[in-house]
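Data first, discussion second: the structure below is written as structure tokens.
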Amino acid sequence: MKQGAQGSAGTGVPDLPAVAPRVPSQPRAEDVERERCAAPGAARGEHTHSEQPLPRPRHVVQRSSVRGQILDALRTALVTGELRPGEVYSAPALGDRFGVSATPVREAMQQLALEGAVEVVPNRGFRVVERGARELAELAEVRALIEVPVMLRLARTVPADRWTALRPAAEATVRAASSGCPATYAESDRAFHRAMLSLSGNEQLVQVADDLHRRAQWPLVGGPASRHRADLLADAAEHAALLDALVARDLDVVAALVGEHFTGAA
């Protein structure tokens, strides 16, 4: 139709005799729905008349679970310093360590590369990124720029009972800190911050803040392999103090606590 219209616009192609357009009869809505349900692929131009229905796969969830477990284990090894900054690790070697093939390890490491935790070394494996104090300070600054205004807005609008409902999450961070395990505390700490920011109703904000938070938990090159139990307990105690300020709607204290919390973590 487009080519015919262009020819009649003066492209040198003679006009065709005028013919009244033939409008085909339109199918009823119930007929279309019946055909769509009977042949799901027909509406997309797929040949379905000779295809047999396939059984539901049974191993997809299992494969995904293996990859997820490896990813969690690698993240724990990063937080605890077991995977050392600057070192190169191959997927086959890590697979032997975890008792799995190299494929789920490679997929998990590629996810960590997207998160900025490791970088690909061609024909060798993955190098753990070396981070200095400056990068950690920059992360703290970015987190403060994002979260302080949000927390101040929430402090003005969120009812006190919503903050009180987060007390169990704050107490969970204290228990995690008491364990002395940096990886356990790291997960609990992020869960508490996610719960607070979720009150904003902005899922994109929650995801961005959680990614920055995760990056801030990786150890520094040349620094201690992990934070001490006393540091974890001090960090967890600030959560309860922050909730007290939010319930009281003390904006000055909220701003100070959120900023100091990031600085202390850095």
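To be explicit about the labels: the chains of the structure tokens are called A, B, and onward in the order shown, and within each one the residues are counted from 1, while ligands get numbers from 1 in the order they are shown.
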When DSSP works through the backbone of this structure, what residues of segment 96-207 of chain A end up as alpha helix (DSSP H), shown as a JSON list (two decimals) with C-alpha atoms, in the first residue's frame?
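Written output follows (out-v9.json):
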```json
[["chain", "number", "residue", "atom", "x", "y", "z"],
["A", 96, "ASP", "CA", 36.28, -27.94, 42.54],
["A", 97, "ARG", "CA", 36.20, -26.11, 45.83],
["A", 98, "PHE", "CA", 32.39, -25.99, 45.89],
["A", 102, "ALA", "CA", 32.69, -24.57, 36.36],
["A", 103, "THR", "CA", 29.53, -23.36, 34.59],
["A", 104, "PRO", "CA", 27.47, -22.12, 37.57],
["A", 105, "VAL", "CA", 30.61, -20.64, 39.10],
["A", 106, "ARG", "CA", 31.38, -18.77, 35.88],
["A", 107, "GLU", "CA", 27.79, -17.48, 35.71],
["A", 108, "ALA", "CA", 27.96, -16.31, 39.33],
["A", 109, "MET", "CA", 31.31, -14.60, 38.76],
["A", 110, "GLN", "CA", 29.92, -12.85, 35.69],
["A", 111, "GLN", "CA", 27.14, -11.48, 37.89],
["A", 112, "LEU", "CA", 29.76, -10.26, 40.37],
["A", 113, "ALA", "CA", 31.57, -8.62, 37.45],
["A", 114, "LEU", "CA", 28.39, -6.72, 36.62],
["A", 115, "GLU", "CA", 28.21, -5.60, 40.25],
["A", 133, "ALA", "CA", 39.79, 4.20, 51.14],
["A", 134, "ARG", "CA", 38.93, 6.87, 48.56],
["A", 135, "GLU", "CA", 36.44, 4.62, 46.75],
["A", 136, "LEU", "CA", 34.81, 3.67, 50.04],
["A", 137, "ALA", "CA", 34.51, 7.35, 50.99],
["A", 138, "GLU", "CA", 32.96, 8.10, 47.59],
["A", 139, "LEU", "CA", 30.41, 5.33, 48.11],
["A", 140, "ALA", "CA", 29.53, 6.77, 51.52],
["A", 141, "GLU", "CA", 29.07, 10.21, 49.96],
["A", 142, "VAL", "CA", 26.80, 8.89, 47.20],
["A", 143, "ARG", "CA", 24.75, 6.89, 49.69],
["A", 144, "ALA", "CA", 24.31, 9.97, 51.85],
["A", 145, "LEU", "CA", 23.28, 12.10, 48.85],
["A", 146, "ILE", "CA", 20.59, 9.55, 47.99],
["A", 147, "GLU", "CA", 19.35, 8.36, 51.35],
["A", 148, "VAL", "CA", 19.52, 11.43, 53.64],
["A", 149, "PRO", "CA", 16.90, 13.44, 51.66],
["A", 150, "VAL", "CA", 14.70, 10.36, 51.38],
["A", 151, "MET", "CA", 14.91, 9.61, 55.10],
["A", 152, "LEU", "CA", 14.11, 13.23, 55.95],
["A", 153, "ARG", "CA", 11.06, 13.12, 53.70],
["A", 154, "LEU", "CA", 9.93, 9.86, 55.24],
["A", 155, "ALA", "CA", 10.50, 11.25, 58.73],
["A", 156, "ARG", "CA", 7.95, 13.96, 57.94],
["A", 157, "THR", "CA", 5.32, 11.70, 56.39],
["A", 160, "ALA", "CA", 5.35, 6.49, 64.04],
["A", 161, "ASP", "CA", 3.82, 3.00, 64.12],
["A", 162, "ARG", "CA", 5.41, 2.17, 60.77],
["A", 163, "TRP", "CA", 8.86, 2.90, 62.22],
["A", 164, "THR", "CA", 8.04, 0.97, 65.37],
["A", 167, "ARG", "CA", 12.16, -2.67, 65.63],
["A", 168, "PRO", "CA", 12.46, -6.46, 65.07],
["A", 169, "ALA", "CA", 14.62, -5.83, 61.99],
["A", 170, "ALA", "CA", 16.88, -3.53, 64.00],
["A", 171, "GLU", "CA", 17.13, -6.10, 66.78],
["A", 172, "ALA", "CA", 18.03, -8.73, 64.18],
["A", 173, "THR", "CA", 21.05, -6.65, 63.18],
["A", 174, "VAL", "CA", 22.22, -6.63, 66.82],
["A", 175, "ARG", "CA", 21.96, -10.42, 67.01],
["A", 176, "ALA", "CA", 23.83, -10.73, 63.71],
["A", 177, "ALA", "CA", 26.55, -8.41, 64.99],
["A", 178, "SER", "CA", 26.82, -10.46, 68.18],
["A", 182, "PRO", "CA", 30.75, -10.14, 58.93],
["A", 183, "ALA", "CA", 28.76, -11.89, 56.21],
["A", 184, "THR", "CA", 25.81, -12.58, 58.54],
["A", 185, "TYR", "CA", 25.80, -8.98, 59.70],
["A", 186, "ALA", "CA", 26.18, -7.63, 56.16],
["A", 187, "GLU", "CA", 23.00, -9.37, 55.01],
["A", 188, "SER", "CA", 21.04, -8.32, 58.11],
["A", 189, "ASP", "CA", 22.28, -4.74, 57.80],
["A", 190, "ARG", "CA", 21.15, -4.48, 54.18],
["A", 191, "ALA", "CA", 17.78, -6.03, 55.03],
["A", 192, "PHE", "CA", 17.17, -3.34, 57.67],
["A", 193, "HIS", "CA", 18.07, -0.51, 55.29],
["A", 194, "ARG", "CA", 15.93, -2.02, 52.54],
["A", 195, "ALA", "CA", 12.97, -2.18, 54.93],
["A", 196, "MET", "CA", 13.34, 1.50, 55.79],
["A", 197, "LEU", "CA", 13.72, 2.69, 52.20],
["A", 198, "SER", "CA", 10.84, 0.47, 51.05],
["A", 203, "GLU", "CA", 11.56, 0.15, 44.16],
["A", 204, "GLN", "CA", 14.22, 1.61, 41.86],
["A", 205, "LEU", "CA", 15.57, 3.65, 44.75],
["A", 206, "VAL", "CA", 15.67, 0.57, 46.96],
["A", 207, "GLN", "CA", 17.61, -1.41, 44.35]]
```
Contacts of Asn123 of chain A within 12 Å, only C-alpha atoms, excl. fewer than 2 positions in-chain, as a ChimeraX atom specification | /A:88-92,120-121,125-127
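Atom CA of Pro159 of chain A lies 12.4 Å from atom CA of Ser200 of chain A.
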Quick one: of A:Arg67, A:His261, A:Arg131, A:Arg227, who's nearest to Arg215 of chain A, counting only C-alpha atoms?
-> A:Arg131
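Separating atom CA of Glu87 of chain A from atom CA of Arg124 of chain A is a distance of 11.1 Å.
In the backbone-derived DSSP annotation, strand (DSSP E) within segment 38-254 of chain A comprises Val88, Tyr89, Val118, Glu119, Val120, Val121, Gly125, Phe126, Arg127 and Val128 of chain A.
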Selection file, all heavy atoms, as a CSV table (one decimal), in the first residue's frame:
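Output file result-v1.csv is given in full below:
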```csv
chain,number,residue,atom,x,y,z
A,88,VAL,N,43.5,-13.5,41.4
A,88,VAL,CA,42.8,-14.1,40.3
A,88,VAL,C,42.3,-15.5,40.6
A,88,VAL,O,43.1,-16.3,41.1
A,88,VAL,CB,43.6,-14.1,39.0
A,88,VAL,CG1,42.8,-14.7,37.8
A,88,VAL,CG2,44.1,-12.7,38.6
A,89,TYR,N,41.0,-15.7,40.4
A,89,TYR,CA,40.4,-17.0,40.7
A,89,TYR,C,39.8,-17.6,39.4
A,89,TYR,O,39.0,-16.8,38.7
A,89,TYR,CB,39.4,-16.9,41.8
A,89,TYR,CG,40.0,-16.4,43.1
A,89,TYR,CD1,40.0,-15.1,43.4
A,89,TYR,CD2,40.5,-17.3,44.1
A,89,TYR,CE1,40.6,-14.6,44.6
A,89,TYR,CE2,41.1,-16.9,45.2
A,89,TYR,CZ,41.1,-15.5,45.5
A,89,TYR,OH,41.6,-15.1,46.7
A,118,VAL,N,34.3,-8.0,40.8
A,118,VAL,CA,35.5,-8.7,40.1
A,118,VAL,C,35.6,-8.2,38.7
A,118,VAL,O,34.6,-7.5,38.2
A,118,VAL,CB,35.3,-10.2,40.1
A,118,VAL,CG1,35.2,-10.8,41.5
A,118,VAL,CG2,34.1,-10.7,39.3
A,119,GLU,N,36.7,-8.4,38.1
A,119,GLU,CA,36.9,-8.1,36.7
A,119,GLU,C,37.4,-9.3,35.9
A,119,GLU,O,38.1,-10.1,36.5
A,119,GLU,CB,37.8,-6.9,36.5
A,119,GLU,CG,39.2,-7.1,37.1
A,119,GLU,CD,40.0,-5.9,37.1
A,119,GLU,OE1,39.5,-4.8,36.7
A,119,GLU,OE2,41.2,-6.0,37.5
A,120,VAL,N,37.0,-9.4,34.7
A,120,VAL,CA,37.3,-10.6,33.9
A,120,VAL,C,38.8,-10.5,33.4
A,120,VAL,O,39.2,-9.4,32.9
A,120,VAL,CB,36.4,-10.7,32.6
A,120,VAL,CG1,36.9,-11.9,31.8
A,120,VAL,CG2,35.0,-10.9,33.1
A,121,VAL,N,39.6,-11.6,33.6
A,121,VAL,CA,40.9,-11.6,33.1
A,121,VAL,C,40.9,-12.7,32.0
A,121,VAL,O,40.8,-13.9,32.3
A,121,VAL,CB,41.9,-12.0,34.2
A,121,VAL,CG1,43.3,-12.1,33.7
A,121,VAL,CG2,41.8,-11.0,35.4
A,125,GLY,N,40.6,-16.1,34.4
A,125,GLY,CA,39.5,-16.2,35.3
A,125,GLY,C,39.0,-14.8,35.7
A,125,GLY,O,38.8,-13.9,34.9
A,126,PHE,N,38.9,-14.6,37.0
A,126,PHE,CA,38.3,-13.3,37.5
A,126,PHE,C,39.2,-12.8,38.7
A,126,PHE,O,39.6,-13.5,39.6
A,126,PHE,CB,36.9,-13.6,38.0
A,126,PHE,CG,36.0,-14.1,37.0
A,126,PHE,CD1,35.9,-15.5,36.8
A,126,PHE,CD2,35.2,-13.3,36.3
A,126,PHE,CE1,35.0,-16.0,35.8
A,126,PHE,CE2,34.3,-13.8,35.3
A,126,PHE,CZ,34.2,-15.2,35.1
A,127,ARG,N,39.5,-11.5,38.5
A,127,ARG,CA,40.3,-10.8,39.6
A,127,ARG,C,39.4,-10.0,40.5
A,127,ARG,O,38.6,-9.3,40.0
A,127,ARG,CB,41.4,-9.9,38.9
A,127,ARG,CG,42.2,-9.1,40.0
A,127,ARG,CD,43.1,-8.1,39.4
A,127,ARG,NE,44.2,-8.7,38.6
A,127,ARG,CZ,44.4,-8.7,37.3
A,127,ARG,NH1,43.5,-8.1,36.6
A,127,ARG,NH2,45.4,-9.3,36.7
A,128,VAL,N,39.6,-10.2,41.8
A,128,VAL,CA,38.9,-9.4,42.8
A,128,VAL,C,39.4,-8.0,42.7
A,128,VAL,O,40.6,-7.7,42.8
A,128,VAL,CB,39.1,-10.0,44.2
A,128,VAL,CG1,38.3,-9.2,45.2
A,128,VAL,CG2,38.6,-11.5,44.2
```
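If you look at atom CA of Asp250 of chain A and atom CA of Leu233 of chain A, they are 23.7 Å away from each other.
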Nearest to Gly81 of chain A, restricted to only C-alpha atoms and choosing among A:Ala209, A:Val253, A:Val247, A:Val221, comes out as A:Val221
